[in-house]
$ cat work.cif   # mmCIF, C-alpha atoms (C1' of nucleotides)
data_start
#
loop_
_atom_site.label_atom_id
_atom_site.label_comp_id
_atom_site.auth_asym_id
_atom_site.auth_seq_id
_atom_site.Cartn_x
_atom_site.Cartn_y
_atom_site.Cartn_z
CA MET I 346 -34.69 23.96 2.79
CA THR I 347 -36.07 22.62 -0.46
CA LYS I 348 -34.77 19.55 -2.15
CA ASP I 349 -33.76 21.64 -5.12
CA LYS I 350 -31.46 23.69 -3.00
CA LYS I 351 -29.84 20.54 -1.69
CA LEU I 352 -29.18 19.41 -5.21
CA ALA I 353 -27.84 22.79 -6.15
CA ASN I 354 -24.94 22.61 -3.72
CA PRO I 355 -24.39 19.32 -1.97
CA LEU I 356 -21.35 20.73 -0.19
CA ARG I 357 -22.69 23.82 1.49
CA GLY I 358 -21.61 23.70 5.09
CA LEU I 359 -18.84 21.19 4.58
CA GLU I 360 -16.57 23.25 2.42
CA ASP I 361 -15.87 25.85 5.06
CA ARG I 362 -14.86 23.41 7.77
CA PRO I 363 -11.13 23.92 8.16
CA GLY I 364 -10.46 20.20 8.45
CA PHE I 365 -11.95 19.52 5.07
CA LEU I 366 -9.84 22.11 3.31
CA ILE I 367 -6.73 21.12 5.23
CA ARG I 368 -7.18 17.56 4.04
CA ARG I 369 -7.46 18.73 0.48
CA ALA I 370 -4.45 21.02 0.83
CA HIS I 371 -2.44 18.11 2.16
CA GLN I 372 -3.50 15.88 -0.70
CA ILE I 373 -2.46 18.57 -3.16
CA SER I 374 0.92 19.30 -1.63
CA GLN I 375 1.76 15.61 -1.39
CA SER I 376 0.82 15.18 -5.00
CA VAL I 377 3.04 18.04 -6.12
CA PHE I 378 5.93 16.66 -4.06
CA ILE I 379 5.62 13.21 -5.58
CA GLU I 380 5.39 14.69 -9.05
CA GLU I 381 8.54 16.79 -8.69
CA CYS I 382 10.56 14.09 -6.96
CA ALA I 383 9.38 11.15 -9.07
CA LYS I 384 12.80 10.62 -10.62
CA LEU I 385 14.39 10.27 -7.19
CA ASP I 386 11.63 7.97 -5.96
CA ILE I 387 11.29 9.70 -2.62
CA THR I 388 8.32 10.87 -0.59
CA ALA I 389 7.92 13.98 1.53
CA THR I 390 8.01 11.90 4.70
CA GLN I 391 11.20 10.13 3.67
CA PHE I 392 12.80 13.42 2.70
CA GLY I 393 11.99 14.80 6.14
CA VAL I 394 13.99 12.02 7.76
CA LEU I 395 16.94 12.51 5.41
CA TRP I 396 16.81 16.23 6.05
CA VAL I 397 16.79 16.05 9.81
CA LEU I 398 19.56 13.47 9.83
CA ALA I 399 21.69 15.66 7.58
CA ARG I 400 21.21 18.48 10.04
CA ALA I 401 21.70 16.58 13.24
CA GLY I 402 24.35 14.07 12.21
CA GLU I 403 22.86 11.19 14.16
CA LEU I 404 19.61 10.58 15.98
CA ASP I 405 17.52 7.72 17.29
CA GLN I 406 14.04 7.04 15.96
CA ILE I 407 12.15 8.64 18.80
CA SER I 408 14.10 11.87 18.48
CA ILE I 409 13.34 12.00 14.78
CA ALA I 410 9.66 11.37 15.49
CA ARG I 411 9.52 14.17 18.01
CA LEU I 412 11.31 16.67 15.80
CA LEU I 413 9.12 16.00 12.77
CA GLY I 414 5.87 15.26 14.58
CA PHE I 415 5.66 11.70 13.28
CA ASP I 416 4.14 8.81 15.16
CA ARG I 417 6.62 6.31 16.56
CA SER I 418 5.31 3.47 14.42
CA THR I 419 5.27 5.61 11.32
CA THR I 420 8.85 6.62 11.90
CA GLY I 421 9.87 3.02 12.35
CA LEU I 422 8.34 2.03 9.03
CA VAL I 423 9.79 4.98 7.13
CA VAL I 424 13.21 4.35 8.61
CA LYS I 425 13.00 0.74 7.54
CA LEU I 426 12.32 1.73 3.95
CA LEU I 427 15.30 4.07 3.94
CA GLU I 428 17.52 1.45 5.51
CA ASP I 429 16.44 -1.14 2.94
CA ARG I 430 17.59 1.28 0.25
CA ASN I 431 20.90 1.80 2.04
CA LEU I 432 20.24 5.51 2.47
CA ILE I 433 20.74 5.33 6.22
CA VAL I 434 22.49 2.96 8.59
CA ARG I 435 21.46 1.95 12.04
CA SER I 436 23.88 1.04 14.79
CA PRO I 437 23.20 0.09 18.39
CA ASP I 438 23.86 2.75 20.99
CA LYS I 439 26.54 1.56 23.40
CA ASN I 440 25.27 3.70 26.26
CA ASP I 441 21.63 2.72 25.93
CA ARG I 442 20.92 -0.63 24.41
CA ARG I 443 17.29 0.22 23.76
CA ARG I 444 18.35 2.73 21.14
CA HIS I 445 19.49 2.39 17.59
CA VAL I 446 21.33 5.39 16.30
CA LEU I 447 20.69 6.41 12.69
CA ARG I 448 22.90 8.32 10.30
CA LEU I 449 22.99 9.04 6.58
CA THR I 450 25.11 6.93 4.29
CA LYS I 451 26.98 8.52 1.42
CA ALA I 452 24.14 7.49 -0.87
CA GLY I 453 21.66 9.03 1.51
CA GLU I 454 23.50 12.31 1.64
CA ASP I 455 23.82 12.34 -2.15
CA LEU I 456 20.12 11.74 -2.56
CA ARG I 457 19.26 14.45 -0.08
CA ARG I 458 21.46 16.91 -1.92
CA ARG I 459 19.94 16.04 -5.28
CA ALA I 460 16.46 16.36 -3.82
CA GLU I 461 17.10 19.85 -2.50
CA PRO I 462 16.40 21.82 -5.70
CA LEU I 463 13.37 19.67 -6.45
CA VAL I 464 11.91 20.33 -3.04
CA ASP I 465 12.53 24.03 -3.60
CA ARG I 466 10.49 23.72 -6.77
CA VAL I 467 7.66 22.16 -4.80
CA ARG I 468 7.67 25.09 -2.48
CA MET I 469 7.68 27.54 -5.34
CA ARG I 470 4.76 25.83 -7.04
CA LEU I 471 2.73 25.78 -3.85
CA ASP I 472 3.46 29.43 -3.06
CA ALA I 473 2.84 30.49 -6.64
CA VAL I 474 -0.92 30.60 -6.18
CA PHE I 475 -0.52 33.35 -3.59
CA THR I 476 0.82 36.86 -3.67
CA PRO I 477 4.06 37.07 -1.65
CA SER I 478 2.13 38.73 1.14
CA GLU I 479 -0.54 36.03 1.17
CA ALA I 480 2.09 33.30 1.19
CA LYS I 481 3.67 34.86 4.23
CA THR I 482 0.33 35.15 6.00
CA PHE I 483 -0.56 31.57 5.12
CA SER I 484 2.73 30.25 6.48
CA GLY I 485 2.34 32.33 9.60
CA LEU I 486 -1.15 31.05 10.30
CA LEU I 487 -0.13 27.47 9.63
CA ASP I 488 2.71 27.92 12.05
CA LYS I 489 0.44 29.35 14.70
CA PHE I 490 -2.10 26.60 14.15
CA THR I 491 0.35 23.71 14.40
CA ARG I 492 2.29 25.28 17.23
CA SER I 493 -0.88 25.65 19.28
CA PHE I 494 -1.42 21.91 19.18
CA ASP I 495 2.15 20.70 19.49
CA GLU I 496 1.90 19.80 23.13
CA THR I 497 -1.68 18.61 23.38
CA ALA I 498 -1.84 16.61 20.15
CA ARG I 499 -1.97 12.85 20.29
CA VAL I 500 1.28 12.87 18.42
CA PRO I 501 3.17 15.66 20.15
CA ARG I 502 5.98 17.54 18.61
CA ARG I 503 8.94 19.06 20.35
CA ARG I 504 10.46 21.82 18.27
CA PRO I 505 14.13 22.62 18.66
CA SER I 506 14.78 25.43 21.06
CA SER I 507 16.66 27.69 18.69
CA MET R 859 27.81 26.59 9.13
CA THR R 860 29.30 25.01 12.21
CA LYS R 861 28.27 21.66 13.53
CA ASP R 862 27.06 23.33 16.69
CA LYS R 863 24.60 25.39 14.75
CA LYS R 864 23.32 22.27 13.06
CA LEU R 865 22.68 20.68 16.38
CA ALA R 866 21.04 23.83 17.68
CA ASN R 867 18.20 23.66 15.17
CA PRO R 868 18.02 20.58 13.02
CA LEU R 869 14.85 21.86 11.38
CA ARG R 870 15.86 25.25 10.06
CA GLY R 871 14.78 25.43 6.45
CA LEU R 872 12.26 22.61 6.67
CA GLU R 873 9.82 24.19 9.05
CA ASP R 874 8.85 26.99 6.69
CA ARG R 875 8.05 24.77 3.76
CA PRO R 876 4.29 24.96 3.41
CA GLY R 877 3.97 21.25 2.66
CA PHE R 878 5.55 20.33 5.95
CA LEU R 879 3.21 22.49 8.01
CA ILE R 880 0.19 21.42 5.96
CA ARG R 881 0.99 17.81 6.74
CA ARG R 882 1.20 18.59 10.41
CA ALA R 883 -2.03 20.59 10.30
CA HIS R 884 -3.75 17.66 8.63
CA GLN R 885 -2.47 15.24 11.22
CA ILE R 886 -3.75 17.51 13.98
CA SER R 887 -7.20 18.08 12.53
CA GLN R 888 -7.65 14.37 11.86
CA SER R 889 -6.66 13.62 15.39
CA VAL R 890 -9.15 16.10 16.81
CA PHE R 891 -11.89 14.69 14.60
CA ILE R 892 -11.25 11.12 15.71
CA GLU R 893 -11.15 12.21 19.32
CA GLU R 894 -14.49 14.01 19.18
CA CYS R 895 -16.25 11.34 17.15
CA ALA R 896 -14.76 8.32 18.91
CA LYS R 897 -18.09 7.27 20.37
CA LEU R 898 -19.67 7.16 16.91
CA ASP R 899 -16.70 5.31 15.42
CA ILE R 900 -16.56 7.44 12.32
CA THR R 901 -13.73 9.13 10.45
CA ALA R 902 -13.66 12.48 8.71
CA THR R 903 -13.56 10.78 5.32
CA GLN R 904 -16.55 8.60 6.11
CA PHE R 905 -18.46 11.57 7.45
CA GLY R 906 -17.80 13.42 4.20
CA VAL R 907 -19.54 10.66 2.26
CA LEU R 908 -22.49 10.58 4.64
CA TRP R 909 -22.74 14.35 4.43
CA VAL R 910 -22.72 14.59 0.67
CA LEU R 911 -25.23 11.78 0.35
CA ALA R 912 -27.54 13.47 2.82
CA ARG R 913 -27.35 16.60 0.73
CA ALA R 914 -27.68 15.04 -2.69
CA GLY R 915 -30.06 12.17 -1.98
CA GLU R 916 -28.32 9.72 -4.24
CA LEU R 917 -25.03 9.65 -6.10
CA ASP R 918 -22.69 7.18 -7.74
CA GLN R 919 -19.14 6.70 -6.46
CA ILE R 920 -17.44 8.79 -9.08
CA SER R 921 -19.68 11.75 -8.39
CA ILE R 922 -18.92 11.52 -4.70
CA ALA R 923 -15.22 11.33 -5.46
CA ARG R 924 -15.36 14.43 -7.63
CA LEU R 925 -17.36 16.46 -5.15
CA LEU R 926 -15.10 15.66 -2.21
CA GLY R 927 -11.80 15.45 -4.07
CA PHE R 928 -11.26 11.79 -3.22
CA ASP R 929 -9.48 9.31 -5.40
CA ARG R 930 -11.71 6.73 -7.10
CA SER R 931 -10.11 3.81 -5.30
CA THR R 932 -10.25 5.59 -1.97
CA THR R 933 -13.91 6.30 -2.45
CA GLY R 934 -14.57 2.68 -3.32
CA LEU R 935 -12.94 1.48 -0.12
CA VAL R 936 -14.65 4.04 2.09
CA VAL R 937 -18.00 3.25 0.54
CA LYS R 938 -17.43 -0.42 1.17
CA LEU R 939 -16.82 0.21 4.88
CA LEU R 940 -20.02 2.23 5.13
CA GLU R 941 -21.96 -0.40 3.26
CA ASP R 942 -20.63 -3.14 5.52
CA ARG R 943 -21.99 -1.17 8.47
CA ASN R 944 -25.35 -0.78 6.72
CA LEU R 945 -25.06 3.00 6.73
CA ILE R 946 -25.55 3.21 2.98
CA VAL R 947 -27.09 0.95 0.35
CA ARG R 948 -25.98 0.47 -3.19
CA SER R 949 -28.31 -0.36 -6.05
CA PRO R 950 -27.54 -0.83 -9.73
CA ASP R 951 -28.48 2.02 -12.04
CA LYS R 952 -31.00 0.80 -14.59
CA ASN R 953 -30.01 3.39 -17.18
CA ASP R 954 -26.27 2.81 -16.94
CA ARG R 955 -25.21 -0.62 -15.84
CA ARG R 956 -21.70 0.56 -15.03
CA ARG R 957 -23.02 2.61 -12.16
CA HIS R 958 -24.12 1.73 -8.67
CA VAL R 959 -26.24 4.38 -7.03
CA LEU R 960 -25.67 5.02 -3.32
CA ARG R 961 -28.04 6.41 -0.74
CA LEU R 962 -28.18 6.68 3.03
CA THR R 963 -30.06 4.12 5.06
CA LYS R 964 -32.06 5.19 8.07
CA ALA R 965 -29.12 4.18 10.25
CA GLY R 966 -26.82 6.22 8.06
CA GLU R 967 -28.98 9.30 8.32
CA ASP R 968 -29.27 8.85 12.08
CA LEU R 969 -25.52 8.58 12.44
CA ARG R 970 -24.95 11.63 10.30
CA ARG R 971 -27.37 13.63 12.40
CA ARG R 972 -25.78 12.54 15.64
CA ALA R 973 -22.34 13.36 14.24
CA GLU R 974 -23.34 16.91 13.33
CA PRO R 975 -22.83 18.55 16.73
CA LEU R 976 -19.60 16.64 17.27
CA VAL R 977 -18.23 17.83 13.96
CA ASP R 978 -19.20 21.36 14.94
CA ARG R 979 -17.14 20.90 18.07
CA VAL R 980 -14.17 19.87 15.94
CA ARG R 981 -14.48 23.04 13.98
CA MET R 982 -14.70 25.12 17.12
CA ARG R 983 -11.63 23.53 18.62
CA LEU R 984 -9.63 24.05 15.45
CA ASP R 985 -10.71 27.67 15.08
CA ALA R 986 -10.19 28.38 18.77
CA VAL R 987 -6.47 28.90 18.34
CA PHE R 988 -7.15 31.88 16.09
CA THR R 989 -8.82 35.22 16.55
CA PRO R 990 -12.06 35.35 14.55
CA SER R 991 -10.32 37.50 11.99
CA GLU R 992 -7.41 35.09 11.67
CA ALA R 993 -9.77 32.14 11.32
CA LYS R 994 -11.49 33.87 8.46
CA THR R 995 -8.21 34.69 6.76
CA PHE R 996 -6.98 31.13 7.23
CA SER R 997 -10.12 29.67 5.71
CA GLY R 998 -9.96 32.11 2.84
CA LEU R 999 -6.36 31.28 2.03
CA LEU R 1000 -7.01 27.55 2.28
CA ASP R 1001 -9.91 28.00 -0.09
CA LYS R 1002 -7.79 29.95 -2.54
CA PHE R 1003 -4.99 27.41 -2.31
CA THR R 1004 -7.15 24.36 -2.90
CA ARG R 1005 -9.25 26.04 -5.54
CA SER R 1006 -6.14 26.95 -7.51
CA PHE R 1007 -5.23 23.30 -7.84
CA ASP R 1008 -8.67 21.79 -8.31
CA GLU R 1009 -8.34 21.34 -12.04
CA THR R 1010 -4.66 20.53 -12.40
CA ALA R 1011 -4.29 18.21 -9.41
CA ARG R 1012 -3.80 14.52 -9.99
CA VAL R 1013 -7.02 14.00 -8.15
CA PRO R 1014 -9.17 16.76 -9.56
CA ARG R 1015 -12.16 18.18 -7.82
CA ARG R 1016 -15.27 19.56 -9.38
CA ARG R 1017 -17.03 21.91 -7.00
CA PRO R 1018 -20.76 22.38 -7.32
CA SER R 1019 -21.71 25.34 -9.43
CA SER R 1020 -23.81 27.11 -6.82
"C1'" DT Z 1267 19.02 -2.84 46.47
"C1'" DC Z 1268 14.81 -4.00 44.38
"C1'" DC Z 1269 10.43 -3.05 42.38
"C1'" DA Z 1270 7.74 0.08 39.64
"C1'" DA Z 1271 7.36 3.45 36.21
"C1'" DT Z 1272 9.29 5.00 32.05
"C1'" DT Z 1273 11.33 4.65 27.58
"C1'" DA Z 1274 12.91 2.63 22.79
"C1'" DA Z 1275 11.52 -0.22 19.43
"C1'" DT Z 1276 8.61 -3.64 17.08
"C1'" DC Z 1277 4.38 -5.86 15.56
"C1'" DA Z 1278 -0.42 -6.80 14.06
"C1'" DG Z 1279 -4.38 -4.62 12.53
"C1'" DA Z 1280 -7.03 -0.92 10.66
"C1'" DC Z 1281 -8.03 3.06 7.61
"C1'" DG Z 1282 -6.75 6.54 4.05
"C1'" DT Z 1283 -4.43 7.38 -0.11
"C1'" DC Z 1284 -2.50 6.79 -4.75
"C1'" DT Z 1285 -0.88 4.00 -8.99
"C1'" DG Z 1286 -1.49 0.98 -12.60
"C1'" DA Z 1287 -4.03 -2.45 -14.37
"C1'" DC Z 1288 -8.18 -4.76 -15.65
"C1'" DG Z 1289 -13.19 -5.96 -17.12
"C1'" DA Z 1290 -17.58 -4.28 -18.23
"C1'" DT Z 1291 -20.33 -0.82 -20.28
"C1'" DT Z 1292 -21.47 3.26 -22.72
"C1'" DA Z 1293 -20.61 7.06 -25.95
"C1'" DA Z 1294 -18.59 9.10 -30.11
"C1'" DG Z 1295 -16.69 9.38 -34.67
"C1'" DC Z 1296 -16.64 7.74 -39.18
"C1'" DG F 921 -23.30 -0.11 -37.57
"C1'" DC F 922 -18.52 -0.70 -36.06
"C1'" DT F 923 -14.51 0.50 -34.15
"C1'" DT F 924 -12.41 3.39 -30.82
"C1'" DA F 925 -12.38 6.18 -26.93
"C1'" DA F 926 -14.11 7.34 -22.55
"C1'" DT F 927 -16.26 6.01 -18.15
"C1'" DC F 928 -17.57 3.22 -13.75
"C1'" DG F 929 -15.95 0.17 -10.74
"C1'" DT F 930 -12.68 -3.19 -8.74
"C1'" DC F 931 -8.27 -5.17 -7.47
"C1'" DA F 932 -3.40 -5.74 -6.02
"C1'" DG F 933 0.35 -3.38 -4.26
"C1'" DA F 934 2.64 0.32 -1.95
"C1'" DC F 935 3.24 3.98 1.53
"C1'" DG F 936 1.64 6.89 5.45
"C1'" DT F 937 -0.71 6.98 9.69
"C1'" DC F 938 -2.55 5.70 14.21
"C1'" DT F 939 -3.86 2.27 18.12
"C1'" DG F 940 -2.89 -1.09 21.34
"C1'" DA F 941 0.00 -4.66 22.75
"C1'" DT F 942 4.52 -6.53 23.69
"C1'" DT F 943 9.51 -6.98 24.68
"C1'" DA F 944 13.71 -5.25 26.25
"C1'" DA F 945 16.26 -1.92 28.72
"C1'" DT F 946 16.84 1.96 31.82
"C1'" DT F 947 15.69 4.98 35.62
"C1'" DG F 948 13.89 6.42 40.01
"C1'" DG F 949 11.96 5.90 44.42
"C1'" DA F 950 11.14 3.40 48.83
#
$ encode --input "work.cif" --output "structure tokens"
Amino acid sequence: MTKDKKLANPLRGLEDRPGFLIRRAHQISQSVFIEECAKLDITATQFGVLWVLARAGELDQISIARLLGFDRSTTGLVVKLLEDRNLIVRSPDKNDRRRHVLRLTKAGEDLRRRAEPLVDRVRMRLDAVFTPSEAKTFSGLLDKFTRSFDETARVPRRRPSS
Amino acid sequence: MTKDKKLANPLRGLEDRPGFLIRRAHQISQSVFIEECAKLDITATQFGVLWVLARAGELDQISIARLLGFDRSTTGLVVKLLEDRNLIVRSPDKNDRRRHVLRLTKAGEDLRRRAEPLVDRVRMRLDAVFTPSEAKTFSGLLDKFTRSFDETARVPRRRPSS
DNA sequence: TCCAATTAATCAGACGTCTGACGATTAAGC
DNA sequence: GCTTAATCGTCAGACGTCTGATTAATTGGA
């Protein structure tokens, strides 16, 4: 290969590695989320915790981590931020004193509800670059990809049975 | 919706948001990269810089950032780590004193070359969960997705013309 | 019953990522 | 030429993420 060819495309061979494009896709989707939800000052990760708590009523940190596929430490830090903002409360579990059970406060539930339409907008903006058929295929492949690694990944994820 | 149904699947409605699955896919691919390249002590981000420098010969930080879609600050920090390990050298640009031109050292080029087969293994492991046809479709959709946002994203990316 | 393995949670440390600000330098318009 | 705008790089601060270690509590097996 000549030096000129190198200069012509310094990315040939990197661009088609899935990891590289996945990283970029993640960066983009995070950026769109932050942009849409700026007025609520909430991140995608934080919203995930609010969401799952709204659905489940109450959970301990480890359960949240497993459902969302977050690392234990990550979950602990995110939960701390939400607790500092009084969006969730933590109370010791009487049956198992290692656990702290989390639940949404009224403020947390209000914020989650207000975030809902904004998060829908994020989804719409992300899907908008595809035809409906492509969007479906993309989601399906992402699901297959992530599902294939759920059990063997360093940070495993246990999806609900339903 | 009954409370029982909530408990049955606390993730319904979150799982099919593309951003959520993209995050998980990113987490997985990073994890596989780290696992394969553990003995070289290099991350995907760092490898990207080594790669693009190997291709281009020499570049300043901003050019690297634009080619890879990294933030300026991120690039600065990654470059610093590589420089501390003597994998790249930085020299002031005589024509433009704002710039510092980066190039690989011998150690940097050696590391990049040794990383090559490991990075190929990462790609193989990621693609292995798909049929060849699915892998191609997935790559194509990821490319379309990222390309659609390259210009409007907060962190823009300028792909090489070739 | 008692010891060992497991589990929940926290912490320090590291890297990646972005924002907003700043200083230094160059380029552009008048 | 001079003023203004744009650009390169850095820094502090914040959040997300993972590792490895530690502490406290529970569980399971001999």
$ closest_atom_pairs --input "work.cif" --of "stretch 922-1002 of chain R" --to "stretch 1277-1296 of chain Z" --cutoff "7 Å" --atoms "all atoms listed in the file" --output "Markdown table"
| residue | atom | partner | partner_atom | distance |
| --- | --- | --- | --- | --- |
| R:Thr932 | CA | Z:DT1283 | C1' | 6.4 |
| R:Arg955 | CA | Z:DT1291 | C1' | 6.6 |
| R:Arg956 | CA | Z:DT1291 | C1' | 5.6 |
$ residues_around --input "work.cif" --residues "F:DG929" --least-positions-apart "6" --cutoff "9 Å" --atoms "only C-alpha atoms (C1' of nucleotides)" --output "list in words"
Gln919, Ile920, Arg930, Ser931, Gly934, Arg956, Arg957 and His958 of chain R; DA1290 of chain Z
$ resolve_selection --input "work.cif" --expression "the PyMOL selection byres ((chain F) within 10 of (chain I))" --output "list of chain:residue names"
F:DC935, F:DG936, F:DT937, F:DC938, F:DT939, F:DA944, F:DA945, F:DT946
$ atom_distance --input "work.cif" --atom1 "atom CA of R:Glu974" --atom2 "atom CA of R:Ser949"
26.4 Å
$ closest_residue --input "work.cif" --among "I:Ala401, I:Ile373, I:Leu385, I:Leu366" --to "chain Z" --atoms "only C-alpha atoms (C1' of nucleotides)"
I:Ile373
